[in-house]
Structures are given as C-alpha cells and as structure tokens.
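The file run-v1.txt contains compact mmCIF, C-alpha atoms:
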# COMPACT_ATOMS: atom_id res chain seq x y z
CA MET A 197 -110.51 209.74 28.38
CA PHE A 198 -109.43 208.80 31.91
CA LEU A 199 -112.43 208.72 34.28
CA ASP A 200 -111.51 208.82 37.98
CA HIS A 201 -114.46 210.61 39.60
CA LEU A 202 -118.19 210.09 39.07
CA GLN A 203 -121.56 209.56 40.73
CA LEU A 204 -123.76 206.47 40.55
CA GLU A 205 -127.40 205.99 41.52
CA VAL A 206 -128.13 202.55 42.95
CA THR A 207 -131.39 200.99 44.12
CA ALA A 208 -131.75 197.60 45.74
CA GLY A 209 -134.64 195.33 44.78
CA HIS A 210 -137.94 195.49 46.63
CA GLY A 211 -138.94 192.44 48.61
CA GLY A 212 -141.73 190.30 47.19
CA SER A 213 -145.16 190.38 48.81
CA GLY A 214 -146.34 187.58 51.01
CA CYS A 215 -149.27 185.49 49.79
CA THR A 216 -152.78 185.11 51.24
CA SER A 217 -153.85 181.58 50.48
CA PHE A 218 -155.70 178.66 52.10
CA ARG A 219 -155.23 174.98 51.71
CA ARG A 220 -158.07 173.60 49.61
CA GLU A 221 -157.86 169.89 48.89
CA LYS A 222 -160.43 167.17 48.38
CA PHE A 223 -160.03 165.72 51.84
CA ALA A 224 -159.27 169.04 53.59
CA PRO A 225 -162.03 171.44 52.49
CA GLU A 226 -161.31 173.78 55.37
CA GLY A 227 -157.53 173.62 55.46
CA GLY A 228 -155.58 176.36 57.16
CA PRO A 229 -153.63 179.27 55.68
CA ASP A 230 -150.72 178.30 53.43
CA GLY A 231 -149.57 181.55 51.83
CA GLY A 232 -145.79 181.60 51.29
CA ASP A 233 -143.39 184.45 52.01
CA GLY A 234 -142.14 186.92 49.46
CA GLY A 235 -138.54 186.62 48.28
CA LEU A 236 -135.69 188.91 49.30
CA GLY A 237 -134.86 191.62 46.78
CA GLY A 238 -131.41 191.88 45.20
CA SER A 239 -128.73 193.99 46.87
CA VAL A 240 -126.14 196.20 45.13
CA PHE A 241 -122.45 195.61 45.85
CA LEU A 242 -119.19 197.25 44.83
CA ARG A 243 -116.24 194.89 44.36
CA ALA A 244 -112.57 195.85 44.18
CA ASN A 245 -110.96 194.45 41.04
CA ARG A 246 -107.20 194.73 40.59
CA SER A 247 -107.46 194.34 36.81
CA LEU A 248 -109.20 197.73 36.48
CA ASN A 249 -107.39 201.07 36.40
CA THR A 250 -110.23 203.52 35.67
CA LEU A 251 -113.97 204.03 36.22
CA ASN A 252 -114.57 204.16 32.46
CA ALA A 253 -116.97 201.19 32.61
CA TYR A 254 -119.59 203.55 34.05
CA ARG A 255 -119.16 206.34 31.53
CA ASN A 256 -122.48 205.69 29.80
CA LYS A 257 -124.51 204.01 32.53
CA ARG A 258 -124.83 205.59 35.95
CA LYS A 259 -128.09 204.08 37.28
CA PHE A 260 -128.46 200.51 38.54
CA VAL A 261 -131.57 198.81 39.95
CA ALA A 262 -131.45 195.29 41.39
CA ALA A 263 -134.21 192.73 40.80
CA ARG A 264 -137.31 192.48 42.96
CA GLY A 265 -138.02 189.46 45.10
CA GLY A 266 -140.65 187.03 43.82
CA GLN A 267 -144.20 186.93 45.19
CA GLY A 268 -145.12 184.28 47.74
CA MET A 269 -147.45 181.52 46.54
CA GLY A 270 -149.87 179.00 47.96
CA SER A 271 -148.84 175.65 49.42
CA LEU A 272 -146.25 177.52 51.51
CA LYS A 273 -144.10 178.27 48.49
CA ASN A 274 -141.82 181.23 49.02
CA GLY A 275 -140.94 183.65 46.25
CA ASN A 276 -137.50 183.56 44.67
CA ASP A 277 -134.87 186.00 45.88
CA GLY A 278 -133.94 188.79 43.48
CA GLU A 279 -130.50 188.65 41.85
CA ASP A 280 -127.78 190.86 43.35
CA ILE A 281 -125.85 193.40 41.27
CA ILE A 282 -122.06 193.47 41.64
CA LEU A 283 -120.25 196.49 40.20
CA ASP A 284 -116.48 196.15 39.78
CA VAL A 285 -114.28 199.16 40.57
CA PRO A 286 -110.49 199.62 40.69
CA LEU A 287 -108.47 199.17 43.85
CA GLY A 288 -108.09 202.49 45.58
CA THR A 289 -111.70 203.63 45.03
CA LEU A 290 -113.04 205.91 47.74
CA VAL A 291 -116.81 205.48 48.17
CA LYS A 292 -118.98 208.23 49.68
CA ASP A 293 -122.68 208.84 50.13
CA ALA A 294 -123.18 211.71 47.69
CA ASP A 295 -126.05 213.23 49.70
CA SER A 296 -124.51 213.17 53.19
CA GLY A 297 -120.82 213.14 52.30
CA GLU A 298 -120.27 210.14 54.61
CA VAL A 299 -117.30 207.99 53.67
CA LEU A 300 -118.60 204.43 53.29
CA ALA A 301 -115.33 202.67 52.52
CA GLU A 302 -112.03 202.68 50.69
CA LEU A 303 -111.72 199.53 48.61
CA MET A 304 -108.07 198.55 48.85
CA VAL A 305 -108.02 194.74 48.64
CA ASP A 306 -108.70 192.69 45.52
CA GLY A 307 -112.10 190.99 45.79
CA GLU A 308 -113.29 193.15 48.70
CA LEU A 309 -117.09 193.58 48.66
CA LEU A 310 -119.08 196.55 49.90
CA CYS A 311 -122.89 196.50 50.09
CA VAL A 312 -124.02 199.97 49.02
CA ALA A 313 -127.78 199.31 48.80
CA ARG A 314 -129.47 196.66 50.94
CA ALA A 315 -132.33 194.60 49.59
CA GLY A 316 -135.86 194.90 50.87
CA ARG A 317 -137.09 191.94 52.89
CA GLY A 318 -139.91 189.82 51.56
CA GLY A 319 -143.34 190.10 53.19
CA LEU A 320 -144.71 187.29 55.35
CA GLY A 321 -147.41 184.99 54.03
CA ASN A 322 -150.72 184.68 55.87
CA TRP A 323 -149.82 181.43 57.60
CA HIS A 324 -147.61 183.46 59.99
CA PHE A 325 -150.67 185.20 61.37
CA LYS A 326 -152.66 182.12 62.32
CA SER A 327 -153.58 182.04 66.00
CA ALA A 328 -156.01 180.41 68.41
CA THR A 329 -158.40 183.29 67.90
CA ASN A 330 -157.85 183.77 64.19
CA ARG A 331 -157.75 180.46 62.36
CA THR A 332 -158.17 181.99 58.91
CA PRO A 333 -156.08 185.14 58.66
CA ARG A 334 -156.81 186.96 55.43
CA HIS A 335 -153.90 189.33 55.39
CA SER A 336 -150.22 189.06 54.52
CA GLN A 337 -147.37 191.54 54.40
CA PRO A 338 -146.16 193.54 51.42
CA GLY A 339 -142.43 193.43 50.73
CA GLU A 340 -140.11 196.16 51.98
CA GLU A 341 -138.64 198.71 49.62
CA GLY A 342 -135.00 198.31 48.66
CA GLU A 343 -132.47 200.89 49.81
CA HIS A 344 -131.75 203.76 47.44
CA ARG A 345 -128.46 205.64 47.41
CA ASN A 346 -126.50 208.18 45.41
CA LEU A 347 -122.81 207.31 45.46
CA ASP A 348 -119.74 209.43 44.89
CA LEU A 349 -116.79 207.37 43.61
CA GLU A 350 -113.30 208.81 43.59
CA LEU A 351 -110.34 206.78 42.38
CA LYS A 352 -106.95 207.20 44.02
CA MET A 353 -104.43 204.88 42.44
CA ILE A 354 -102.33 202.68 44.66
CA ALA A 355 -98.59 202.92 44.00
CA ASP A 356 -95.37 202.80 46.01
CA VAL A 357 -93.56 205.62 44.22
CA GLY A 358 -95.13 208.73 42.71
CA LEU A 359 -93.40 210.95 40.16
CA ALA A 360 -93.71 214.72 40.23
CA GLY A 361 -92.17 217.41 38.07
CA PHE A 362 -92.67 219.86 35.24
CA PRO A 363 -94.05 218.74 31.88
CA ASN A 364 -91.32 217.17 29.74
CA ALA A 365 -89.09 216.49 32.76
CA GLY A 366 -88.72 212.84 31.75
CA LYS A 367 -91.36 211.17 33.97
CA SER A 368 -92.95 209.09 31.21
CA THR A 369 -89.55 208.08 29.88
CA LEU A 370 -88.52 206.92 33.34
CA VAL A 371 -91.68 204.81 33.72
CA SER A 372 -91.12 203.23 30.31
CA ARG A 373 -87.47 202.39 31.09
CA LEU A 374 -88.14 201.00 34.57
CA SER A 375 -91.29 198.99 33.77
CA ALA A 376 -93.28 197.38 30.99
CA ALA A 377 -95.67 200.35 30.85
CA ARG A 378 -95.63 202.23 27.54
CA PRO A 379 -96.89 205.79 28.11
CA LYS A 380 -96.89 208.26 25.23
CA ILE A 381 -93.54 210.06 24.99
CA ALA A 382 -92.78 213.13 22.88
CA ASN A 383 -90.60 216.24 23.02
CA TYR A 384 -93.35 218.68 23.95
CA PRO A 385 -95.21 219.56 27.18
CA PHE A 386 -98.31 217.69 28.40
CA THR A 387 -97.62 214.50 26.47
CA THR A 388 -99.05 212.62 29.47
CA LEU A 389 -102.76 213.38 29.74
CA GLN A 390 -103.71 210.73 32.28
CA PRO A 391 -102.00 208.85 35.14
CA GLN A 392 -99.89 205.83 34.27
CA LEU A 393 -98.93 202.90 36.49
CA GLY A 394 -95.92 200.68 35.94
CA VAL A 395 -94.64 197.64 37.84
CA VAL A 396 -90.89 197.77 38.32
CA SER A 397 -89.63 194.17 38.42
CA MET A 398 -86.18 194.04 39.94
CA ASP A 399 -85.17 191.09 37.76
CA ARG A 400 -84.90 193.62 34.89
CA PHE A 401 -81.85 194.93 36.72
CA GLY A 402 -80.40 191.67 37.98
CA GLY A 403 -82.51 191.32 41.13
CA SER A 404 -85.04 188.68 42.14
CA GLU A 405 -88.07 188.04 39.96
CA HIS A 406 -90.20 188.09 43.11
CA GLU A 407 -89.17 191.63 44.03
CA SER A 408 -91.04 194.60 42.59
CA PHE A 409 -92.69 197.94 43.32
CA VAL A 410 -95.30 200.09 41.58
CA ILE A 411 -94.54 203.51 40.16
CA ALA A 412 -97.11 206.17 39.17
CA ASP A 413 -96.67 208.96 36.63
CA ILE A 414 -99.10 211.89 36.53
CA PRO A 415 -99.36 214.77 34.04
CA GLY A 416 -96.73 217.43 34.65
CA LEU A 417 -97.26 220.32 37.05
CA ILE A 418 -96.67 223.97 36.28
CA GLU A 419 -96.54 227.04 38.48
CA GLY A 420 -100.07 227.88 39.61
CA ALA A 421 -101.29 224.29 39.28
CA ALA A 422 -102.87 224.35 42.75
CA GLY A 423 -105.00 227.25 41.51
CA GLY A 424 -106.15 225.34 38.44
CA ALA A 425 -103.42 225.99 35.89
CA GLY A 426 -102.29 223.12 33.70
CA LEU A 427 -103.40 219.50 33.84
CA GLY A 428 -101.60 217.78 36.69
CA ILE A 429 -103.49 219.25 39.65
CA GLN A 430 -106.60 217.18 38.94
CA PHE A 431 -104.54 213.99 39.17
CA LEU A 432 -102.50 214.73 42.30
CA ARG A 433 -104.89 212.59 44.34
CA HIS A 434 -103.34 209.59 42.61
CA VAL A 435 -100.00 210.11 44.34
CA GLU A 436 -101.46 210.90 47.78
CA ARG A 437 -101.33 207.21 48.69
CA THR A 438 -97.76 206.64 47.54
CA ARG A 439 -95.09 205.82 50.11
CA MET A 440 -92.58 208.21 48.58
CA LEU A 441 -92.22 210.79 45.79
CA MET A 442 -89.51 211.34 43.22
CA GLN A 443 -89.30 214.87 41.90
CA LEU A 444 -87.68 214.87 38.47
CA VAL A 445 -85.67 217.94 37.51
CA ASP A 446 -84.64 218.50 33.86
CA LEU A 447 -80.95 219.44 34.02
CA SER A 448 -80.76 220.10 30.28
CA ASP A 449 -83.21 223.02 30.36
CA PRO A 450 -81.17 226.26 30.29
CA MET A 451 -84.27 228.38 30.90
CA GLN A 452 -84.79 227.21 34.48
CA GLU A 453 -82.42 226.76 37.37
CA PRO A 454 -82.74 223.44 39.29
CA GLU A 455 -83.38 225.30 42.54
CA ASP A 456 -86.30 227.20 41.00
CA ALA A 457 -87.81 224.01 39.56
CA VAL A 458 -87.66 222.30 42.96
CA ARG A 459 -89.11 225.31 44.77
CA ILE A 460 -92.09 225.69 42.42
CA ILE A 461 -93.12 222.03 42.47
CA GLU A 462 -92.61 221.90 46.23
CA GLY A 463 -94.98 224.85 46.62
CA GLU A 464 -97.65 223.28 44.42
CA LEU A 465 -97.56 220.02 46.40
CA ALA A 466 -97.92 221.92 49.67
CA ALA A 467 -100.80 224.01 48.30
CA PHE A 468 -102.65 220.88 47.23
CA SER A 469 -102.22 218.72 50.32
CA GLU A 470 -100.26 218.82 53.57
CA VAL A 471 -100.14 215.04 53.48
CA LEU A 472 -98.61 215.07 50.02
CA ALA A 473 -96.09 217.77 50.91
CA ALA A 474 -94.95 215.79 53.96
CA LYS A 475 -94.15 212.61 52.05
CA PRO A 476 -90.51 211.54 51.67
CA ARG A 477 -89.30 213.10 48.41
CA TRP A 478 -86.17 212.37 46.41
CA LEU A 479 -84.73 214.80 43.89
CA VAL A 480 -83.66 213.16 40.64
CA GLY A 481 -81.72 215.00 37.94
CA THR A 482 -82.83 213.85 34.48
CA LYS A 483 -81.63 214.07 30.85
CA LEU A 484 -78.02 213.71 31.83
CA ASP A 485 -77.20 212.82 28.22
CA ALA A 486 -78.34 216.26 27.02
CA LEU A 487 -76.58 218.24 29.77
CA GLN A 488 -74.32 220.92 28.27
CA ASP A 489 -73.56 223.06 31.30
CA GLU A 490 -71.74 221.18 34.07
CA ASP A 491 -72.47 224.05 36.44
CA ARG A 492 -76.11 222.97 36.48
CA LYS A 493 -75.08 219.52 37.69
CA VAL A 494 -72.92 221.05 40.40
CA ALA A 495 -75.80 223.32 41.47
CA PHE A 496 -78.10 220.31 41.69
CA GLU A 497 -75.58 218.39 43.80
CA LYS A 498 -75.34 221.31 46.24
CA LEU A 499 -79.14 221.52 46.40
CA CYS A 500 -79.38 217.83 47.28
CA GLU A 501 -76.54 218.11 49.81
CA ALA A 502 -78.33 220.99 51.55
CA ARG A 503 -81.33 218.71 51.96
CA GLY A 504 -79.26 215.86 53.32
CA GLN A 505 -79.85 213.75 50.21
CA LYS A 506 -77.47 212.04 47.85
CA ALA A 507 -77.70 213.51 44.35
CA LEU A 508 -79.29 211.09 41.88
CA PHE A 509 -78.74 211.44 38.14
CA ILE A 510 -80.32 209.48 35.30
CA SER A 511 -80.62 209.42 31.55
CA GLY A 512 -83.68 207.79 30.04
CA VAL A 513 -81.94 207.70 26.66
CA THR A 514 -78.69 205.98 27.64
CA GLY A 515 -80.00 204.19 30.72
CA GLU A 516 -77.34 205.75 32.94
CA GLY A 517 -78.31 205.67 36.61
CA LEU A 518 -81.54 203.69 36.14
CA LYS A 519 -80.32 200.50 37.82
CA GLU A 520 -78.94 202.43 40.79
CA LEU A 521 -82.19 204.40 41.13
CA ALA A 522 -84.35 201.26 40.99
CA PHE A 523 -82.32 199.44 43.63
CA ALA A 524 -82.15 202.52 45.88
CA ALA A 525 -85.92 202.96 45.74
CA PHE A 526 -86.59 199.26 46.34
CA ALA A 527 -84.21 199.20 49.33
CA TYR A 528 -85.86 202.27 50.81
CA LEU A 529 -89.35 200.81 50.42
CA GLN A 530 -88.26 197.54 52.01
CA GLU A 531 -86.69 199.36 54.97
CA GLU A 532 -89.67 201.69 55.36
CA ALA A 533 -92.03 198.71 55.49
CA LYS A 534 -90.30 197.19 58.53
Written as structure tokens, how would this file's structure read?
Amino acid sequence: MFLDHLQLEVTAGHGGSGCTSFRREKFAPEGGPDGGDGGLGGSVFLRANRSLNTLNAYRNKRKFVAARGGQGMGSLKNGNDGEDIILDVPLGTLVKDADSGEVLAELMVDGELLCVARAGRGGLGNWHFKSATNRTPRHSQPGEEGEHRNLDLELKMIADVGLAGFPNAGKSTLVSRLSAARPKIANYPFTTLQPQLGVVSMDRFGGSEHESFVIADIPGLIEGAAGGAGLGIQFLRHVERTRMLMQLVDLSDPMQEPEDAVRIIEGELAAFSEVLAAKPRWLVGTKLDALQDEDRKVAFEKLCEARGQKALFISGVTGEGLKELAFAAFAYLQEEAK
C-alpha cells in the first residue's frame, strides 16, 4: 500500500538535572561546590532522503521519543547529551504542525534537515550559584522538558512531467517505454493503484547520457473524481509540483470522443486545484496502433489546432512517436528553465 499522508508524534529528550555536590578531599575538607551540569536532551529531526518514495517506513510506528540528557555529577562532571533521532522522509514532504496547521517546511533537497522537536537544556550544577554571600549553595537546576509536537506529513512527489488521463489511456505503458520504471500494465481500468516515478534518460533515444527528466504517472481519473469518484483524485497532489502535464487521450476507444475526454479531465483538474489547472498541458493521442477510425485522429488534430498546439501521437506497443515526444518534452523543459 502506498502511504503518502500520516501523522507522527515526536518528543525531544528532557535535559539532565544539574548536580549538588561539594569537593571533599583529604587536604580540602571544606572544598567548594563542584556539581556538574546536566546534559542536553536529544532533538528530533526530519531528513530528506532521495532514495525514498513513500512514507511506508512509519506505517507501524508513529511515536518517537529522543533520549534524555545525563545527570550532572560531582567533580564538575557534566552529564552526557542525549542522542538525537533522525527520521528520513522522501523529497517533496510537506511538514505541518498538526495542532496549529502551521507549515514548518517543505523538504525539497536531498540531505536537508529540519528540527521538529528541540531538546531540553540541561540544568546547572550548584557551582554556578556560588557567590560572596553564599559559599556553599545547596541547590541546582532541574533539566528542561523536551519539546513535544504532533506532525502532519504529506508527500507530494517531485517530477518534471505529470501524466493525466482516463484509466487505461496508456499512462503506465508510456512510463515503461520512456524510462526504466516497470509499473503494472493490463487491459482493464485502474491497473495503476499508486503513483509511479520514472527517469527518462535521453540517451535511450540517442541523446546525451547526462540529459534526463522525471515523469510521474498517477491512477486514472474519471468523471466526478474531484467529488471522490474513482482512485486518482487522492493522488493529484503528486502532480501539483510538476512543471508541465501531458493529458493522454485513447484514440482507439470508440465509446468516447477525444473532445469529451479532454473536457472531462480538464474539468476535474480545475475542480481539484487552480494551480494544477493552470499548468502547461499537452494533449497526446495514444494507442495509435489500435486506431480503426481515421476520423478520430482528424478530430484530435483539429482539437489540438484549436488550442494552438501541435498534435502528438504515440503508440506504446510499436514505439511510434515516443522519441519525438521525449525530445519535445526535454526541449520544452530546458527552455522553460531559462
């Protein structure tokens, strides 16, 4: 099961208590105070890790408590600091305070650290309280409590190109043909049950091995998705961060006109998010190998022309149009990044 939204409870370690102690040695029977300070508690951090794609690591454990700081000791010996806890999360994780709703951070860079619960400071030993009027202080400080927080984690995958379309429109096939990703593919709706990421290396198509972009496939949308129908609506957040969308339209389906398919998906994107609806979106006609009615291809070309877009056609089975699509997308992303 793909886990992309959950809550964690984190508590930093309490600081250790300071020590009340006096120096007592053979030749210093009335030595001064020498109680050491308590150690700092452990803090709790989140760390962005590019090797992770889900929050599944926290499926069975949602509560984390860092270690306490050690107690101060005599002879001015300070307590040991408590060990920090570092929790790895995928890039693209949005972190909120679950109680206040405050956005704490979006972890977008590999290795980025976010302290989500600060450690309690250790208490001061009694030697800090020595003065001209109090040569033998008999009190020290307790350690501070560590910070406690309830976190809301929401994963939004980071990709350059997001795919949208009806179930069985050919999205998973396209990802498998353009990249090394191997999503489940079958001739029935809702084969894809969770988002898939694929890295499109341009050297697969004769380009440079150093040139690539990331493509994201989400479960197919159906009419009414924004109101809760189907599966794809819960994963649309994963294409909100993409730089462009490709809407795949199955040209071999005689039961639905291309114009209707485009209109319905367009409406669902707009109902979900204005940001998503405003993204650059290319229309791509799929399953060209199974096309039996040339009028559908002509209708799709006119639809693209009316939108000021060149009609793009592909076949995941024969590979027709895949190279052209990959290079067109890469060129667009390069130009858009300038």
Could you check how far CA of Arg373 (chain A) sits from CA of Gln392 (chain A), in Å to one decimal?
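Separating CA of Arg373 (chain A) from CA of Gln392 (chain A) is a distance of 13.3 Å.
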Suppose you want the space between CA of Glu462 (chain A) and CA of Thr369 (chain A); what is it in Å?
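Value for the CA of Glu462 (chain A)-CA of Thr369 (chain A) distance: 21.6 Å.
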Could you check how far CA of Thr482 (chain A) sits from CA of Val396 (chain A), in Å to one decimal?
18.4 Å
Between A:Ala253, A:Val291, A:Met451, A:Ala376, which has the minimum distance to Asp489 (chain A) (counting only C-alpha atoms)?
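Under the stated criterion, the closest residue is A:Met451.
Considering only C-alpha atoms, the residue among A:Pro229, A:Gly234, A:Gly275, A:Gly358 positioned nearest to Leu432 (chain A) is A:Gly358.
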When you count all atoms listed in the file, which of these residues is closest to His335 (chain A): A:Phe496, A:Tyr254, A:Phe218, A:Phe523?
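For His335 (chain A), the nearest of the given residues is A:Phe218.
Once Gly339 (chain A) and its same-chain neighbours fewer than 3 positions away are set aside, Gly209, His210, Gly211, Gly212, Ser213, Gly214, Cys215, Asp233, Gly234, Gly235, Leu236, Gly237, Arg264, Gly265, Gly266, Gln267, Gly268, Gly275, Asp277, Ala315, Gly316, Arg317, Gly318, Gly319, Leu320, Gly321, Ser336 and Gly342 of chain A remain within 12 Å of it when counting all atoms listed in the file.
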Among the residues A:Leu310, A:Val471, A:Val299, A:Leu529, the one that comes closest to Ile411 (chain A) [using all atoms listed in the file]:
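The answer is A:Leu529, which sits nearest to Ile411 (chain A).
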So that I can check the surroundings of region 206-208 of chain A, please list as number ranges by chain every protein, DNA and RNA residue that reaches within 10 Å of it, counting only C-alpha atoms and ignoring chain neighbours fewer than 5 positions away.
A: 237-241, 258-264, 278-281, 311-316, 341-347
Can you tell me, as a list of chain:residue names, what residues are no more than 10 Å from Lys352 (chain A) when counting all atoms listed in the file, ignoring any on the same chain fewer than 6 positions away?
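Close residues of Lys352 (chain A): A:Asp200, A:His201, A:Asn249, A:Thr250, A:Pro286, A:Leu287, A:Gly288, A:Thr289, A:Leu290, A:Glu302, A:Met304, A:Phe431, A:Leu432, A:Arg433, A:His434, A:Val435, A:Glu436, A:Arg437, A:Thr438.
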What's the 12 Å shell around region 505-521 of chain A, counting all atoms listed in the file, without same-chain residues fewer than 6 positions away, as JSON, numbers by chain?
{"A": [357, 365, 366, 367, 368, 369, 370, 371, 372, 373, 374, 375, 381, 396, 397, 398, 399, 400, 401, 402, 403, 442, 443, 444, 445, 446, 447, 448, 476, 477, 478, 479, 480, 481, 482, 483, 484, 485, 486, 487, 492, 493, 494, 495, 496, 497, 498, 499, 527, 528]}
Smallest atom-to-atom distance to Glu407 (chain A): which of A:Ala525, A:Leu251, A:Met440, A:Val285, using only C-alpha atoms?
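That would be A:Ala525, the residue with the smallest distance to Glu407 (chain A).
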Using all atoms listed in the file, can you tell me which of A:Thr329, A:Gln203, A:Asn322, A:Ser296 comes closest to Arg255 (chain A)?
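Ranked by minimum distance to Arg255 (chain A), first place goes to A:Gln203.
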Centre and size of axis-aligned box enclosing region 209-214 of chain A plus 6 Å each side, as lines of an AutoDock Vina configuration file:
center_x = -140.5
center_y = 191.5
center_z = 47.9
size_x = 23.7
size_y = 19.9
size_z = 18.2
